[in-house]
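Participant: Here you go, one structure.
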Amino acid sequence: MRLTILGGGGFRVPLVYGALLGDHAEGRVSHVTLYDADPGRLTAVSRVLADQAAAAADAAAARRAEAGTGAGPAPRPAPAVATTTDLDEALRGADFVFSAIRVGGLDGRAADERIALAEGVLGQETVGAGGVAYGLRTVPVAREIARAVARLAPDAWVINFTNPAGLVTEAMAEVLGDRVIGICDSPVGLGRRVARALGARPQDTWIDYVGLNHLGWLRGLRIDGRDELPRLLADAAALRSFEEGRLFGADWLRSLGAIPNEYLHYYYFNRDAVRAYQAAEQTRGAFLRDQQRGFYAEAGRDALPPGAALAAWDRTRAEREATYMAENREAAGAGARDGGDPESGSGSGSGGYEEVALALMRAIARDERTTLVLNVRNRSTLSVLDAEAVIEVPCLVDANGAHPVAVDPLPLHAVGLVTAVKAVERAVLAATAGGSRAEAVKAFALHPLVDSVGVARRLLDAYAAAHPGLGHLR
């Protein structure tokens, strides 16, 4: 099976390759093609992957030696890795296409955050003004990729992790229909933390989760058919034992009767979050930009000794995870993070987006039926949205793709946020399809975290000045 990774020079790619190294079943991924516009990044990341493969081979050999000569079958070879800066070459022959691109790079993200904070509004990359700006420059590229996939790999399945994930998945679905599926590790990470707070194994639970990407709520967690969420909400000590309980506070969670995705902290505690981000020494995007420059410079050096690229990547990832959403935790007095980082996709807390991607590929390629929380077209799942709207809900996955399960209606407070943010996404889709300044202004102005049409107009002008690709929207 052949996997193409778009954004193959991205920092998170080794997480995906690490998951593939652990998959030894028939029909596993045997070839990986990394596509990226930056050959230097491809070189650095391919070195990390080579170190991973070597480390995995050494570990397997050690296990066999410990078990005795000839014990068990020889390990399967690591997936072969090829790199290219040619999109067409990357897509030909692909069975799965994993999209994790960043249009504008981390310089673009840093600018998104800085411009929004100058106007006193949030600039996070998927939420608020920053998310709108990122969507305006990413959706046109995502549509181009979707058309290329339809032309060169029409039977391939596209797994989208490009942010804003729900919006980008909906844009690609205009071309690819149900053959594009969006993934995120936030819901599975939340479900795992809640299960552990209840003393249950995550694999023995069913989570009732519904919303949009980075805008969802865990409304129930069933163990042996019984919803145990009310028990958790009544237990103050148990709520303090995991991240979302500390981040939102027991009183607010009880008021909602649900556990929100951590990204809803930006909505429920917006003033606190904006103040914390304005007071920070640098924005998250600027921190990651500077940090990753160091990693790519180190991993791209000539005559790098074996294992050095992987060691540099591990150090960088550890620092990245420790600082994830630090401003929100500080504003809430939530203390240290439980572990894991949805931006890097790893750790015991998050569940790992690479695990979600691998489970999704297995279910489709091998018809290994499973249930995953995914970003898919609504069909008739939520009555407040139309059939084409991409939502984030539990799905049954098999060889025919992902099928959203029936869920209870949203409460009114959630209806308001979900429909408002979906209206913003639709305005972004319209603006990028027709080059409409009016629709772009509407996208900013309608967002619940942008409080003035005047602010929306100034934001668009500032983003268009910072990002040449948005100049036609001025």
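If you're wondering about the labels, chains in the structure tokens are A, B, ... by order shown, residues count from 1 in each chain, ligands from 1 in order shown.
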I need the residues in stretch 160-231 of chain A that are strand (DSSP E) according to DSSP; give them as a PyMOL selection string.

Facilitator: chain A and resi 160+180-182+205-212+215-223+226-227

Participant: Would you give me, as a tab-separated table, each residue of stretch 397-462 of chain A having an atom within 10 Å of an atom of stretch 134-138 of chain A, along with its shortest atom pair and that distance in Å to one decimal, using only C-alpha atoms and sorting by chain and residue number?

Facilitator:
```
residue	atom	partner	partner_atom	distance
A:Glu425	CA	A:Gly135	CA	8.3
A:Ala427	CA	A:Leu136	CA	9.7
A:Val428	CA	A:Leu136	CA	6.0
A:Leu429	CA	A:Leu136	CA	7.9
A:Ala430	CA	A:Leu136	CA	9.9
A:Ala431	CA	A:Leu136	CA	7.6
A:Thr432	CA	A:Leu136	CA	6.3
A:Ala433	CA	A:Leu136	CA	9.9
A:Gly435	CA	A:Leu136	CA	9.9
A:Ala440	CA	A:Leu136	CA	7.8
A:Ala443	CA	A:Leu136	CA	9.4
```

Participant: Determine, counting only C-alpha atoms, which protein, DNA and RNA residues have an atom within 10 Å of an atom of A:Trp206; residues of the same chain fewer than 3 positions away are not included. Present the result as a list in words.

Facilitator: Gly191, Ala195, Pro202, Gln203, Tyr209, Gly220, Leu221, Arg222, Ile223, Asp224, Gly225, Arg226, Asp227, Thr371 and Pro394 of chain A

Participant: Which residues in stretch 256-294 of chain A does DSSP call helix (DSSP H, G or I)? List them as a PyMOL selection string.

Facilitator: chain A and resi 256+262-268+270-279+284-294

Participant: I want to know what sits within 12 Å of stretch 412-417 of chain A, based on only C-alpha atoms, with residues of the same chain fewer than 4 positions away left out; could you give that as a count of residues only?

Facilitator: 29

Participant: Which residues are near A:Gly120? Cut-off 9 Å, only C-alpha atoms, ignore same chain within fewer than 4 positions. Put them as a list of chain:residue names.

Facilitator: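 Skipping anything fewer than 4 positions along the chain leaves A:Ala116, A:Val274, A:Arg275, A:Gln278.
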
Participant: Please determine, counting only C-alpha atoms, which residue among A:Arg28, A:His472, A:Arg320, A:His467 has the shortest atom-to-atom distance to A:Leu288.

Facilitator: A:Arg320

Participant: Please, what distance in Å, to one decimal, runs between atom CA of A:Arg179 and atom CA of A:Arg2?

Facilitator: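 Interatomic distance here is 16.2 Å.
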
Participant: What's the separation between atom CA of A:Val373 and atom CA of A:Arg193, in Å to one decimal place?

Facilitator: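 Interatomic distance here is 15.1 Å.
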
Participant: So which one's closest to A:Gly8, A:Ser436, A:Ser30, A:Thr83, A:Thr283? Using only C-alpha atoms, please.

Facilitator: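 Ranking A:Ser436, A:Ser30, A:Thr83, A:Thr283 by distance to A:Gly8, first place goes to A:Thr83.
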
Participant: Point out the residue among A:Ala165, A:Ala322, A:Ala286, A:Ala280 with the least atom-to-atom distance to A:Ala110, counting only C-alpha atoms.

Facilitator: A:Ala286

Participant: Which residues are close to A:Gln292, i.e. within 10 Å by only C-alpha atoms, leaving aside same-chain residues fewer than 2 positions away? Reply as a PDB file with C-alpha atoms, in the first residue's frame.

Facilitator:
```
ATOM      1  CA  GLY A  10       6.592  19.002   8.250  1.00  0.00           C
ATOM      2  CA  PHE A  11       7.679  18.537  11.834  1.00  0.00           C
ATOM      3  CA  LEU A 106       5.041  29.445  10.529  1.00  0.00           C
ATOM      4  CA  ALA A 286       6.532  32.820  16.693  1.00  0.00           C
ATOM      5  CA  PHE A 287       7.772  30.340  19.298  1.00  0.00           C
ATOM      6  CA  LEU A 288       7.295  27.386  16.933  1.00  0.00           C
ATOM      7  CA  ARG A 289       8.867  29.295  14.043  1.00  0.00           C
ATOM      8  CA  ASP A 290      12.019  30.013  16.009  1.00  0.00           C
ATOM      9  CA  GLY A 294      16.791  25.456  15.021  1.00  0.00           C
ATOM     10  CA  PHE A 295      15.654  21.892  14.434  1.00  0.00           C
ATOM     11  CA  TYR A 296      15.805  22.076  10.630  1.00  0.00           C
ATOM     12  CA  ALA A 297      19.222  23.724  10.753  1.00  0.00           C
ATOM     13  CA  GLU A 298      20.557  20.993  13.031  1.00  0.00           C
ATOM     14  CA  TRP A 313      13.597  15.981  16.732  1.00  0.00           C
ATOM     15  CA  THR A 316      12.278  19.753  19.969  1.00  0.00           C
ATOM     16  CA  ARG A 317       9.070  17.779  20.330  1.00  0.00           C
ATOM     17  CA  ARG A 320       6.841  21.823  22.072  1.00  0.00           C
TER      18      ARG A 320
END
```

Participant: May I ask which of the residues A:Arg254, A:Arg92, A:Arg63, A:Arg366 is the closest one to A:Thr33, counting only C-alpha atoms?

Facilitator: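 With only C-alpha atoms as the atom set, the closest residue is A:Arg92.
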